[in-house]
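Heads up, final_23.pdb below (PDB, C-alpha atoms and all ligand atoms):
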ATOM      1  CA  MET A 281     -27.368  32.073 -29.788
ATOM      2  CA  LEU A 282     -25.721  35.310 -30.947
ATOM      3  CA  ASP A 283     -22.061  36.044 -30.351
ATOM      4  CA  THR A 284     -20.797  39.468 -29.289
ATOM      5  CA  TYR A 285     -20.613  40.508 -32.959
ATOM      6  CA  ASN A 286     -24.291  39.670 -33.418
ATOM      7  CA  ARG A 287     -23.526  36.612 -35.524
ATOM      8  CA  PRO A 288     -25.924  33.692 -35.024
ATOM      9  CA  VAL A 289     -24.085  30.476 -34.145
ATOM     10  CA  ILE A 290     -26.016  27.747 -35.915
ATOM     11  CA  SER A 291     -23.441  25.369 -37.354
ATOM     12  CA  MET A 292     -20.840  23.129 -35.819
ATOM     13  CA  ARG A 293     -17.867  21.435 -37.411
ATOM     14  CA  ILE A 294     -16.711  18.542 -35.283
ATOM     15  CA  SER A 295     -13.514  16.594 -35.845
ATOM     16  CA  ILE A 296     -13.876  12.991 -34.736
ATOM     17  CA  THR A 297     -10.277  11.941 -35.332
ATOM     18  CA  PRO A 298      -6.915  13.576 -36.031
ATOM     19  CA  ARG A 299      -5.856  10.467 -38.017
ATOM     20  CA  CYS A 300      -5.758  10.520 -41.793
ATOM     21  CA  ASN A 301      -4.790   7.994 -44.456
ATOM     22  CA  LEU A 302      -3.607  10.757 -46.803
ATOM     23  CA  ASN A 303      -1.143  13.539 -46.135
ATOM     24  CA  CYS A 304      -2.122  16.367 -48.482
ATOM     25  CA  ILE A 305       0.575  18.942 -49.112
ATOM     26  CA  TYR A 306      -1.721  21.887 -48.363
ATOM     27  CA  CYS A 307      -3.710  20.488 -45.433
ATOM     28  CA  HIS A 308      -4.610  22.963 -42.692
ATOM     29  CA  HIS A 309      -5.578  20.126 -40.301
ATOM     30  CA  GLU A 310      -8.727  22.069 -39.441
ATOM     31  CA  GLY A 311      -6.516  24.627 -37.741
ATOM     32  CA  ILE A 312      -5.193  22.168 -35.148
ATOM     33  CA  THR A 313      -1.572  22.625 -34.255
ATOM     34  CA  GLY A 314       0.391  20.026 -32.293
ATOM     35  CA  SER A 315       0.044  16.289 -32.453
ATOM     36  CA  SER A 316      -2.701  15.210 -30.073
ATOM     37  CA  LYS A 317      -3.871  11.689 -30.846
ATOM     38  CA  TYR A 318      -6.918  11.797 -28.560
ATOM     39  CA  GLU A 319     -10.378  10.932 -29.752
ATOM     40  CA  MET A 320     -13.714  11.236 -28.000
ATOM     41  CA  THR A 321     -16.017   8.265 -27.549
ATOM     42  CA  PRO A 322     -19.266   8.168 -29.556
ATOM     43  CA  GLU A 323     -21.187   8.950 -26.330
ATOM     44  CA  GLU A 324     -19.044  12.037 -25.657
ATOM     45  CA  ILE A 325     -19.453  13.232 -29.241
ATOM     46  CA  VAL A 326     -23.220  12.804 -29.197
ATOM     47  CA  ARG A 327     -23.490  14.445 -25.783
ATOM     48  CA  ILE A 328     -21.633  17.577 -26.873
ATOM     49  CA  CYS A 329     -23.617  17.768 -30.123
ATOM     50  CA  ALA A 330     -26.923  17.420 -28.230
ATOM     51  CA  LEU A 331     -25.907  20.117 -25.788
ATOM     52  CA  SER A 332     -24.923  22.396 -28.678
ATOM     53  CA  ALA A 333     -28.271  21.719 -30.370
ATOM     54  CA  ARG A 334     -29.996  23.017 -27.242
ATOM     55  CA  HIS A 335     -28.029  26.255 -27.752
ATOM     56  CA  GLY A 336     -29.254  26.640 -31.337
ATOM     57  CA  ILE A 337     -26.843  24.549 -33.426
ATOM     58  CA  ARG A 338     -28.850  23.256 -36.401
ATOM     59  CA  LYS A 339     -26.206  21.915 -38.760
ATOM     60  CA  ILE A 340     -23.374  19.553 -37.917
ATOM     61  CA  LYS A 341     -20.486  18.742 -40.202
ATOM     62  CA  ILE A 342     -18.321  15.764 -39.238
ATOM     63  CA  THR A 343     -14.683  16.074 -40.184
ATOM     64  CA  GLY A 344     -11.221  14.760 -39.295
ATOM     65  CA  GLY A 345      -8.432  13.884 -40.068
ATOM     66  CA  GLU A 346     -10.336  11.396 -42.107
ATOM     67  CA  PRO A 347     -13.629  10.643 -40.323
ATOM     68  CA  LEU A 348     -14.208   7.363 -42.166
ATOM     69  CA  LEU A 349     -11.126   5.853 -40.501
ATOM     70  CA  ARG A 350     -13.113   5.476 -37.298
ATOM     71  CA  GLU A 351     -14.579   2.016 -36.970
ATOM     72  CA  ASP A 352     -17.512   3.421 -34.990
ATOM     73  CA  VAL A 353     -18.318   6.162 -37.517
ATOM     74  CA  ILE A 354     -21.762   4.695 -38.283
ATOM     75  CA  GLU A 355     -22.646   4.707 -34.569
ATOM     76  CA  ILE A 356     -21.514   8.354 -34.360
ATOM     77  CA  VAL A 357     -23.592   9.421 -37.384
ATOM     78  CA  ASP A 358     -26.587   7.502 -36.083
ATOM     79  CA  GLY A 359     -26.336   9.217 -32.693
ATOM     80  CA  ILE A 360     -25.926  12.721 -34.101
ATOM     81  CA  SER A 361     -28.708  12.370 -36.652
ATOM     82  CA  LYS A 362     -31.207  11.450 -33.918
ATOM     83  CA  ILE A 363     -30.582  14.620 -31.897
ATOM     84  CA  GLU A 364     -33.636  16.848 -31.637
ATOM     85  CA  GLY A 365     -33.145  20.144 -33.419
ATOM     86  CA  ILE A 366     -30.383  18.994 -35.772
ATOM     87  CA  GLU A 367     -31.630  19.588 -39.304
ATOM     88  CA  ASP A 368     -28.576  18.704 -41.361
ATOM     89  CA  VAL A 369     -25.791  16.200 -40.729
ATOM     90  CA  SER A 370     -23.009  16.163 -43.297
ATOM     91  CA  MET A 371     -19.455  14.919 -43.509
ATOM     92  CA  THR A 372     -16.307  16.032 -45.242
ATOM     93  CA  THR A 373     -14.162  13.123 -46.378
ATOM     94  CA  ASN A 374     -11.306  12.391 -48.713
ATOM     95  CA  GLY A 375     -13.557   9.732 -50.256
ATOM     96  CA  THR A 376     -11.039   6.881 -50.204
ATOM     97  CA  LEU A 377     -13.255   4.704 -47.961
ATOM     98  CA  LEU A 378     -16.586   6.033 -49.133
ATOM     99  CA  GLU A 379     -17.490   3.397 -51.696
ATOM    100  CA  GLY A 380     -17.879   0.715 -49.029
ATOM    101  CA  LEU A 381     -19.528   2.943 -46.415
ATOM    102  CA  ALA A 382     -21.860   5.288 -48.334
ATOM    103  CA  GLY A 383     -24.948   3.050 -48.019
ATOM    104  CA  GLU A 384     -24.557   2.538 -44.280
ATOM    105  CA  LEU A 385     -23.861   6.234 -43.718
ATOM    106  CA  LYS A 386     -27.049   7.171 -45.556
ATOM    107  CA  ALA A 387     -29.047   4.593 -43.590
ATOM    108  CA  ALA A 388     -27.593   5.960 -40.336
ATOM    109  CA  GLY A 389     -28.978   9.420 -41.147
ATOM    110  CA  LEU A 390     -26.171  11.252 -42.910
ATOM    111  CA  ASN A 391     -27.699  13.771 -45.323
ATOM    112  CA  ARG A 392     -24.787  14.554 -47.611
ATOM    113  CA  VAL A 393     -21.039  14.556 -48.081
ATOM    114  CA  ASN A 394     -18.273  16.861 -49.215
ATOM    115  CA  VAL A 395     -15.489  14.991 -50.971
ATOM    116  CA  SER A 396     -12.061  16.519 -51.540
ATOM    117  CA  LEU A 397     -11.385  16.391 -55.268
ATOM    118  CA  ASP A 398      -8.567  18.670 -56.329
ATOM    119  CA  THR A 399      -7.719  16.989 -59.611
ATOM    120  CA  LEU A 400      -8.818  14.375 -62.135
ATOM    121  CA  ARG A 401      -5.220  13.420 -62.958
ATOM    122  CA  PRO A 402      -4.010  10.333 -61.047
ATOM    123  CA  ASP A 403      -0.374  11.501 -60.966
ATOM    124  CA  VAL A 404      -1.311  14.948 -59.652
ATOM    125  CA  PHE A 405      -3.604  13.356 -57.052
ATOM    126  CA  SER A 406      -0.797  11.109 -55.905
ATOM    127  CA  MET A 407       1.540  14.102 -55.627
ATOM    128  CA  ILE A 408      -0.969  16.271 -53.703
ATOM    129  CA  SER A 409      -2.026  13.500 -51.319
ATOM    130  CA  ARG A 410       1.470  11.985 -51.053
ATOM    131  CA  GLY A 411       0.593   8.568 -52.398
ATOM    132  CA  GLY A 412      -3.214   8.410 -52.641
ATOM    133  CA  GLU A 413      -5.086   6.624 -55.418
ATOM    134  CA  LEU A 414      -7.521   8.827 -57.308
ATOM    135  CA  ASP A 415      -9.669   5.948 -58.491
ATOM    136  CA  THR A 416     -10.797   5.029 -54.964
ATOM    137  CA  VAL A 417     -12.051   8.597 -54.514
ATOM    138  CA  LEU A 418     -13.900   8.670 -57.848
ATOM    139  CA  ARG A 419     -15.629   5.394 -57.030
ATOM    140  CA  GLY A 420     -16.474   6.696 -53.560
ATOM    141  CA  LEU A 421     -18.076   9.909 -54.715
ATOM    142  CA  ASN A 422     -20.088   8.140 -57.405
ATOM    143  CA  ARG A 423     -21.364   5.664 -54.832
ATOM    144  CA  ALA A 424     -22.310   8.549 -52.516
ATOM    145  CA  ALA A 425     -24.427  10.068 -55.296
ATOM    146  CA  GLU A 426     -26.011   6.680 -56.069
ATOM    147  CA  VAL A 427     -27.181   6.163 -52.488
ATOM    148  CA  GLY A 428     -28.520   9.726 -52.278
ATOM    149  CA  LEU A 429     -25.933  11.502 -50.113
ATOM    150  CA  MET A 430     -26.729  14.523 -52.234
ATOM    151  CA  PRO A 431     -25.767  16.910 -53.428
ATOM    152  CA  VAL A 432     -22.230  15.556 -53.306
ATOM    153  CA  LYS A 433     -20.092  18.641 -52.858
ATOM    154  CA  LEU A 434     -16.698  18.382 -54.454
ATOM    155  CA  ASN A 435     -14.086  20.479 -52.664
ATOM    156  CA  MET A 436     -11.361  21.629 -54.998
ATOM    157  CA  VAL A 437      -8.561  23.668 -53.435
ATOM    158  CA  VAL A 438      -7.236  25.543 -56.449
ATOM    159  CA  MET A 439      -3.449  25.840 -56.436
ATOM    160  CA  ASN A 440      -1.241  27.852 -58.695
ATOM    161  CA  GLY A 441       0.596  25.665 -61.216
ATOM    162  CA  ILE A 442      -0.828  22.430 -59.755
ATOM    163  CA  ASN A 443      -4.503  22.203 -60.682
ATOM    164  CA  ASP A 444      -5.629  25.689 -61.754
ATOM    165  CA  ASP A 445      -6.051  24.378 -65.321
ATOM    166  CA  GLU A 446      -8.568  21.715 -64.239
ATOM    167  CA  ILE A 447     -11.507  23.849 -63.119
ATOM    168  CA  GLU A 448     -13.357  23.472 -66.401
ATOM    169  CA  SER A 449     -12.861  19.726 -66.676
ATOM    170  CA  ILE A 450     -14.131  19.110 -63.135
ATOM    171  CA  LEU A 451     -17.182  21.298 -63.800
ATOM    172  CA  LYS A 452     -17.946  19.432 -67.006
ATOM    173  CA  ARG A 453     -17.570  15.992 -65.469
ATOM    174  CA  TYR A 454     -19.829  16.612 -62.448
ATOM    175  CA  PRO A 455     -23.069  18.320 -63.479
ATOM    176  CA  LYS A 456     -25.783  19.941 -61.397
ATOM    177  CA  GLY A 457     -28.387  17.699 -59.817
ATOM    178  CA  GLY A 458     -26.069  15.263 -58.094
ATOM    179  CA  PHE A 459     -23.025  17.485 -57.623
ATOM    180  CA  VAL A 460     -21.947  20.955 -56.535
ATOM    181  CA  ILE A 461     -18.369  22.042 -57.125
ATOM    182  CA  GLN A 462     -16.748  24.183 -54.441
ATOM    183  CA  LEU A 463     -13.701  26.066 -55.630
ATOM    184  CA  ILE A 464     -11.703  26.974 -52.550
ATOM    185  CA  GLU A 465      -8.898  29.459 -52.287
ATOM    186  CA  LEU A 466      -5.882  28.101 -50.460
ATOM    187  CA  MET A 467      -5.903  29.090 -46.794
ATOM    188  CA  ASP A 468      -2.824  29.839 -44.782
ATOM    189  CA  ALA A 469      -4.048  28.348 -41.516
ATOM    190  CA  GLU A 470      -0.637  26.744 -40.866
ATOM    191  CA  HIS A 471       0.892  30.219 -41.247
ATOM    192  CA  ASP A 472       3.420  28.898 -43.775
ATOM    193  CA  SER A 473       3.791  31.972 -45.919
ATOM    194  CA  GLU A 474       6.314  30.439 -48.333
ATOM    195  CA  PHE A 475       3.999  27.580 -49.360
ATOM    196  CA  PHE A 476       1.059  29.945 -49.422
ATOM    197  CA  SER A 477       2.621  32.583 -51.671
ATOM    198  CA  LYS A 478       3.919  29.945 -54.065
ATOM    199  CA  TYR A 479       0.612  28.127 -54.545
ATOM    200  CA  PHE A 480      -2.116  30.648 -53.705
ATOM    201  CA  TYR A 481      -4.384  31.089 -56.719
ATOM    202  CA  ASP A 482      -6.650  34.125 -56.716
ATOM    203  CA  LEU A 483     -10.149  33.131 -57.841
ATOM    204  CA  ASP A 484     -11.294  36.711 -58.566
ATOM    205  CA  GLU A 485     -10.848  36.394 -62.328
ATOM    206  CA  VAL A 486     -12.564  33.002 -62.387
ATOM    207  CA  GLU A 487     -15.449  34.497 -60.445
ATOM    208  CA  LYS A 488     -15.730  37.455 -62.824
ATOM    209  CA  GLY A 489     -16.007  34.989 -65.708
ATOM    210  CA  PHE A 490     -18.739  33.081 -63.870
ATOM    211  CA  GLU A 491     -20.630  36.313 -63.192
ATOM    212  CA  GLU A 492     -20.682  37.075 -66.908
ATOM    213  CA  GLN A 493     -21.624  33.578 -68.039
ATOM    214  CA  ALA A 494     -23.904  32.348 -65.252
ATOM    215  CA  ASP A 495     -27.539  31.466 -65.918
ATOM    216  CA  ASP A 496     -28.311  32.042 -62.219
ATOM    217  CA  VAL A 497     -26.503  33.409 -59.169
ATOM    218  CA  TYR A 498     -27.576  32.792 -55.563
ATOM    219  CA  VAL A 499     -26.173  34.335 -52.391
ATOM    220  CA  ARG A 500     -26.075  31.949 -49.441
ATOM    221  CA  LYS A 501     -26.933  34.081 -46.446
ATOM    222  CA  PHE A 502     -25.817  31.769 -43.633
ATOM    223  CA  MET A 503     -22.789  30.433 -45.500
ATOM    224  CA  GLN A 504     -20.539  33.455 -45.205
ATOM    225  CA  GLY A 505     -22.426  35.164 -48.046
ATOM    226  CA  ARG A 506     -20.935  32.752 -50.604
ATOM    227  CA  ARG A 507     -22.227  33.005 -54.141
ATOM    228  CA  LYS A 508     -23.431  29.972 -56.019
ATOM    229  CA  TYR A 509     -23.360  30.064 -59.829
ATOM    230  CA  VAL A 510     -25.289  27.896 -62.232
ATOM    231  CA  LEU A 511     -23.565  27.722 -65.578
ATOM    232  CA  ASN A 512     -23.417  25.294 -68.464
ATOM    233  CA  GLY A 513     -25.294  22.656 -66.483
ATOM    234  CA  SER A 514     -23.011  22.827 -63.421
ATOM    235  CA  GLU A 515     -23.410  24.352 -59.991
ATOM    236  CA  VAL A 516     -20.354  25.990 -58.527
ATOM    237  CA  GLU A 517     -19.508  27.947 -55.387
ATOM    238  CA  ILE A 518     -16.430  30.037 -54.792
ATOM    239  CA  ILE A 519     -14.992  30.144 -51.285
ATOM    240  CA  LYS A 520     -12.498  32.884 -50.555
ATOM    241  CA  PRO A 521     -11.778  32.966 -46.844
ATOM    242  CA  MET A 522      -8.383  34.708 -46.756
ATOM    243  CA  HIS A 523      -8.497  38.428 -45.904
ATOM    244  CA  ASN A 524     -12.222  38.330 -46.539
ATOM    245  CA  THR A 525     -13.972  40.472 -43.942
ATOM    246  CA  GLU A 526     -17.393  39.578 -45.340
ATOM    247  CA  PHE A 527     -16.598  35.865 -44.923
ATOM    248  CA  CYS A 528     -15.816  36.373 -41.243
ATOM    249  CA  ALA A 529     -18.670  38.817 -40.655
ATOM    250  CA  ARG A 530     -21.095  36.152 -41.849
ATOM    251  CA  CYS A 531     -19.490  33.186 -40.098
ATOM    252  CA  THR A 532     -22.061  31.141 -38.134
ATOM    253  CA  ARG A 533     -19.767  28.288 -37.122
ATOM    254  CA  ILE A 534     -18.193  26.904 -33.996
ATOM    255  CA  ARG A 535     -15.668  24.078 -34.173
ATOM    256  CA  VAL A 536     -14.900  21.103 -31.974
ATOM    257  CA  THR A 537     -11.478  19.481 -32.005
ATOM    258  CA  ALA A 538     -10.976  15.713 -31.948
ATOM    259  CA  ASP A 539      -9.607  15.924 -28.413
ATOM    260  CA  GLY A 540     -12.663  17.685 -27.035
ATOM    261  CA  LYS A 541     -12.202  21.436 -27.169
ATOM    262  CA  PHE A 542     -14.449  24.122 -28.560
ATOM    263  CA  LYS A 543     -12.539  26.089 -31.194
ATOM    264  CA  PRO A 544     -14.064  29.468 -31.976
ATOM    265  CA  CYS A 545     -12.090  30.077 -35.205
ATOM    266  CA  LEU A 546     -10.180  27.990 -37.758
ATOM    267  CA  MET A 547      -7.384  30.535 -37.868
ATOM    268  CA  ARG A 548      -6.652  30.722 -34.132
ATOM    269  CA  SER A 549      -5.460  28.195 -31.596
ATOM    270  CA  ASP A 550      -5.057  30.471 -28.576
ATOM    271  CA  ASN A 551      -8.699  30.647 -27.515
ATOM    272  CA  LEU A 552      -9.825  27.018 -27.240
ATOM    273  CA  VAL A 553     -12.190  25.894 -24.492
ATOM    274  CA  ASP A 554     -11.599  22.387 -23.143
ATOM    275  CA  PHE A 555     -14.827  20.573 -22.316
ATOM    276  CA  LEU A 556     -13.607  16.958 -22.424
ATOM    277  CA  THR A 557     -11.510  17.150 -19.253
ATOM    278  CA  PRO A 558     -14.436  18.509 -17.205
ATOM    279  CA  MET A 559     -16.793  16.046 -18.937
ATOM    280  CA  ARG A 560     -14.564  13.138 -17.944
ATOM    281  CA  ASN A 561     -14.367  14.541 -14.419
ATOM    282  CA  GLY A 562     -18.133  14.345 -14.110
ATOM    283  CA  ALA A 563     -19.262  17.854 -15.141
ATOM    284  CA  ASP A 564     -23.023  18.184 -15.366
ATOM    285  CA  ASP A 565     -24.831  19.789 -18.306
ATOM    286  CA  SER A 566     -25.029  23.206 -16.666
ATOM    287  CA  GLU A 567     -21.211  23.323 -16.401
ATOM    288  CA  LEU A 568     -20.894  22.225 -20.051
ATOM    289  CA  ASP A 569     -23.485  24.861 -21.029
ATOM    290  CA  ARG A 570     -21.275  27.447 -19.394
ATOM    291  CA  LEU A 571     -18.274  26.236 -21.436
ATOM    292  CA  PHE A 572     -20.281  26.402 -24.666
ATOM    293  CA  ARG A 573     -21.295  29.986 -23.871
ATOM    294  CA  GLU A 574     -17.684  30.817 -22.991
ATOM    295  CA  ALA A 575     -16.537  29.503 -26.390
ATOM    296  CA  VAL A 576     -19.208  31.505 -28.215
ATOM    297  CA  SER A 577     -18.189  34.620 -26.279
ATOM    298  CA  ARG A 578     -14.620  34.137 -27.582
ATOM    299  CA  ARG A 579     -15.727  34.243 -31.212
ATOM    300  CA  LYS A 580     -14.211  37.197 -33.003
ATOM    301  CA  PRO A 581     -14.011  37.832 -36.778
ATOM    302  CA  TYR A 582     -10.387  36.988 -37.718
ATOM    303  CA  PHE A 583     -10.362  39.245 -40.779
ATOM    304  CA  ARG A 584     -12.189  42.468 -40.030
ATOM    305  CA  ASP A 585     -12.140  46.121 -40.963
ATOM    306  CA  GLY A 586     -10.222  48.511 -38.773
TER
HETATM  307  N1  LIG B 601     -10.066  14.320 -44.676
HETATM  308  C1  LIG B 601     -11.303  15.019 -44.835
HETATM  309  C2  LIG B 601     -11.431  15.629 -46.223
HETATM  310  O1  LIG B 601     -10.567  15.426 -47.067
HETATM  311  O2  LIG B 601     -12.455  16.296 -46.458
HETATM  312  C3  LIG B 601     -11.612  16.044 -43.758
HETATM  313  C4  LIG B 601     -10.520  16.972 -43.317
HETATM  314  S1  LIG B 601      -9.983  18.134 -44.555
HETATM  315  C5  LIG B 601      -8.909  19.142 -43.572
HETATM  316  C6  LIG B 601     -11.411  19.133 -44.809
HETATM  317  C7  LIG B 601     -11.402  20.058 -45.995
HETATM  318  O3  LIG B 601     -10.470  21.092 -45.769
HETATM  319  C8  LIG B 601     -11.004  19.422 -47.318
HETATM  320  O4  LIG B 601     -12.025  19.568 -48.255
HETATM  321  C9  LIG B 601      -9.801  20.189 -47.764
HETATM  322  O5  LIG B 601      -9.789  20.377 -49.135
HETATM  323  C10 LIG B 601      -9.928  21.490 -47.006
HETATM  324  N2  LIG B 601      -8.622  22.099 -46.783
HETATM  325  C11 LIG B 601      -7.559  21.552 -46.158
HETATM  326  N3  LIG B 601      -6.499  22.383 -46.149
HETATM  327  C12 LIG B 601      -6.893  23.500 -46.793
HETATM  328  C13 LIG B 601      -6.255  24.730 -47.091
HETATM  329  N4  LIG B 601      -4.977  24.988 -46.752
HETATM  330  N5  LIG B 601      -6.963  25.673 -47.740
HETATM  331  C14 LIG B 601      -8.250  25.446 -48.103
HETATM  332  N6  LIG B 601      -8.909  24.300 -47.834
HETATM  333  C15 LIG B 601      -8.250  23.331 -47.193
END
As a first step, turn the structure in this file into structure tokens.
Amino acid sequence: MLDTYNRPVISMRISITPRCNLNCIYCHHEGITGSSKYEMTPEEIVRICALSARHGIRKIKITGGEPLLREDVIEIVDGISKIEGIEDVSMTTNGTLLEGLAGELKAAGLNRVNVSLDTLRPDVFSMISRGGELDTVLRGLNRAAEVGLMPVKLNMVVMNGINDDEIESILKRYPKGGFVIQLIELMDAEHDSEFFSKYFYDLDEVEKGFEEQADDVYVRKFMQGRRKYVLNGSEVEIIKPMHNTEFCARCTRIRVTADGKFKPCLMRSDNLVDFLTPMRNGADDSELDRLFREAVSRRKPYFRDG
């Protein structure tokens, strides 16, 4: 399905819980404001994913909160991975519970994971996550690679004065083959300009360096035109969403909140489309189809020219 800006909508990012066992200082909570504690049942999640697949969604990323906190996460992955038309099921996780669950997730049909890894220093990790233990994450991501949830993408939100000096060490430690490093510029989805201006780290210079040194550069057409660099045995992507009109122009994603709403854009909370209330009131698929189309029609590039 194309939106009104001619962007194909082929990927969905679905939050299955607002709960998290960490409390990272920079977290944008997937753009969810407020404090809803609602979660959908596995049946509701699979139903909305299947319906979206019939509208052309091909890739589903499961997120949270922390998705691995749900006791029925394996059932959810199993259900989503069996949907006709879904080609890629992935999950973004903080990795703290991954060591024990990676094997079952793989067996249930999960293709790969993104693990948040902002630092290799235990004290910095504890500060960023407000009390988390780095070692659990390192064990989790290694286990994910061992069971074949690959490539394991390591999400590093680069922050001024906190971890900007660790890019090289993370690249060196996690080489190409099993791992891809994603360097992410801090986003201001919570609209907290003080935090943002203090810690925002511009990755332009880093990217220029990569362009000069890289053995190969790829442009990922359906991933907001991101560039992927291969250098010194590592694979690295740079993600620069803020004020990036190209990023928005190439966005192919619709979001689903944990409490059952379509969310057309990470950066906005004023254009959500509730489908869970009608679903629980007995809406048939044609009514839910209409709500999906309504959500797609509300998609609008957040950063755009003019
Ligand atoms: N708990 C899971 C995790 O850690 O992946 C899923 C939720 S978390 C919000 C999803 C991803 O969003 C993480 O990789 C995190 O690094 C990224 N993220 C959160 N806040 C961000 C921000 N302000 N700017 C850029 N990325 C952010």
Check your understanding: Can you tell me, as a PyMOL selection string, what residues are no more than 12 Å from Ala387 in chain A when counting all atoms listed in the file, ignoring any on the same chain fewer than 4 positions away?
Key -> chain A and resi 354-355+357-358+361+381-383+391-392+424+427-429
Exercise for review: Have a look at atom N2 of ligand LIG 601 (chain B) and CA of Gly345 in chain A and let me know their distance in Å, one decimal.
Suggested key: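 Spanning atom N2 of ligand LIG 601 (chain B) to CA of Gly345 in chain A is a straight-line distance of 10.6 Å.
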Practice item. Choose the residue, out of A:His335, A:Arg573, A:Arg578, A:Lys508, that has the smallest atom-to-atom separation from Ser549 in chain A; count only C-alpha atoms. Key: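 Among the listed residues, A:Arg578 lies closest to Ser549 in chain A.
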Review point. Between A:Leu397, A:Ile305, A:Met559, A:Val576, which is the closest to Arg419 in chain A once you count all atoms listed in the file?
Key: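 Of A:Leu397, A:Ile305, A:Met559, A:Val576, the one nearest Arg419 in chain A is A:Leu397, counting all atoms listed in the file.
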Exercise for review: Return the single residue from A:Gly441, A:Pro298, A:Gly411, A:Gly314 that is closest to ligand LIG 601 (chain B), with distances computed using all atoms listed in the file.
Suggested key: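 Among A:Gly441, A:Pro298, A:Gly411, A:Gly314, it is A:Pro298 that comes nearest to ligand LIG 601 (chain B).
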Find the smallest box with edges along x, y and z containing every listed atom of range 554-570 of chain A, then add 4 Å on each side and report centre and edge lengths in Å to one decimal, as lines of an AutoDock Vina configuration file.
center_x = -18.3
center_y = 20.3
center_z = -18.6
size_x = 21.5
size_y = 22.3
size_z = 17.0
Exercise for review: Mind checking which residues fall within 12 Å of Ser449 in chain A, counting only C-alpha atoms, ignoring those fewer than 6 positions away in the same chain, and posting them as a list of chain:residue names?
Suggested key: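 With the cut-off at 12 Å, the set is A:Leu397, A:Asp398, A:Thr399, A:Leu400, A:Arg401, A:Met436, A:Asn443, A:Pro455, A:Ile461, A:Ser514.
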With C-alpha atoms kept, could you save the residues just selected as a PDB file, in the frame of the given file?
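Dumped everything to out09.pdb:
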ATOM      1  CA  LEU A 397     -11.385  16.391 -55.268  1.00  0.00           C
ATOM      2  CA  ASP A 398      -8.567  18.670 -56.329  1.00  0.00           C
ATOM      3  CA  THR A 399      -7.719  16.989 -59.611  1.00  0.00           C
ATOM      4  CA  LEU A 400      -8.818  14.375 -62.135  1.00  0.00           C
ATOM      5  CA  ARG A 401      -5.220  13.420 -62.958  1.00  0.00           C
ATOM      6  CA  MET A 436     -11.361  21.629 -54.998  1.00  0.00           C
ATOM      7  CA  ASN A 443      -4.503  22.203 -60.682  1.00  0.00           C
ATOM      8  CA  PRO A 455     -23.069  18.320 -63.479  1.00  0.00           C
ATOM      9  CA  ILE A 461     -18.369  22.042 -57.125  1.00  0.00           C
ATOM     10  CA  SER A 514     -23.011  22.827 -63.421  1.00  0.00           C
TER      11      SER A 514
END
Practice item. Expand the PyMOL selection byres (((not hetatm)) within 6 of (chain B and resi 601)) into the individual residues it matches in the shown file, reporting them as a PyMOL selection string. Key: chain A and resi 306-310+343-346+372-374+395-396+435+437+464-468
Review point. Could you state the separation of CA of Arg350 in chain A and CA of Leu434 in chain A in Å, given to one decimal place?
Key: 21.8 Å
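Here CA of Val460 in chain A is placed at a distance of 17.5 Å from CA of Leu378 in chain A.
Using only C-alpha atoms, the shortest contact distance between Asp368 in chain A and any of A:Arg507, A:Lys433, A:Arg533, A:Lys339 is found at A:Lys339.
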Enumerate, as a short mmCIF file (atom, residue, chain, number, x, y, z; two decimals) with C-alpha atoms, keeping the file's coordinate frame, the residues matched when the PyMOL selection byres (((chain A and resi 337) around 12) and not hetatm) is run on the file above.
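Saved result, expr06.cif, follows:
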data_model
loop_
_atom_site.label_atom_id
_atom_site.label_comp_id
_atom_site.auth_asym_id
_atom_site.auth_seq_id
_atom_site.Cartn_x
_atom_site.Cartn_y
_atom_site.Cartn_z
CA MET A 281 -27.37 32.07 -29.79
CA LEU A 282 -25.72 35.31 -30.95
CA PRO A 288 -25.92 33.69 -35.02
CA VAL A 289 -24.08 30.48 -34.15
CA ILE A 290 -26.02 27.75 -35.92
CA SER A 291 -23.44 25.37 -37.35
CA MET A 292 -20.84 23.13 -35.82
CA ARG A 293 -17.87 21.44 -37.41
CA ILE A 294 -16.71 18.54 -35.28
CA ILE A 328 -21.63 17.58 -26.87
CA CYS A 329 -23.62 17.77 -30.12
CA ALA A 330 -26.92 17.42 -28.23
CA LEU A 331 -25.91 20.12 -25.79
CA SER A 332 -24.92 22.40 -28.68
CA ALA A 333 -28.27 21.72 -30.37
CA ARG A 334 -30.00 23.02 -27.24
CA HIS A 335 -28.03 26.26 -27.75
CA GLY A 336 -29.25 26.64 -31.34
CA ARG A 338 -28.85 23.26 -36.40
CA LYS A 339 -26.21 21.92 -38.76
CA ILE A 340 -23.37 19.55 -37.92
CA LYS A 341 -20.49 18.74 -40.20
CA ILE A 360 -25.93 12.72 -34.10
CA ILE A 363 -30.58 14.62 -31.90
CA GLU A 364 -33.64 16.85 -31.64
CA GLY A 365 -33.15 20.14 -33.42
CA ILE A 366 -30.38 18.99 -35.77
CA GLU A 367 -31.63 19.59 -39.30
CA ASP A 368 -28.58 18.70 -41.36
CA VAL A 369 -25.79 16.20 -40.73
CA THR A 532 -22.06 31.14 -38.13
CA ARG A 533 -19.77 28.29 -37.12
CA ILE A 534 -18.19 26.90 -34.00
CA ARG A 535 -15.67 24.08 -34.17
CA PHE A 572 -20.28 26.40 -24.67
CA VAL A 576 -19.21 31.50 -28.22
#
Exercise for review: Find the residue from A:Asp539, A:Glu384, A:Asp445, A:Glu517 that sits nearest to Tyr481 in chain A; use only C-alpha atoms when measuring.
Suggested key: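 Distance minimum relative to Tyr481 in chain A lands on A:Asp445.
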Check your understanding: Using all atoms listed in the file, which of A:Met371, A:Ala575, A:Ala425, A:Ile442 sits nearest Asp403 in chain A?
Key ->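 For Asp403 in chain A, the nearest of the given residues is A:Ile442.
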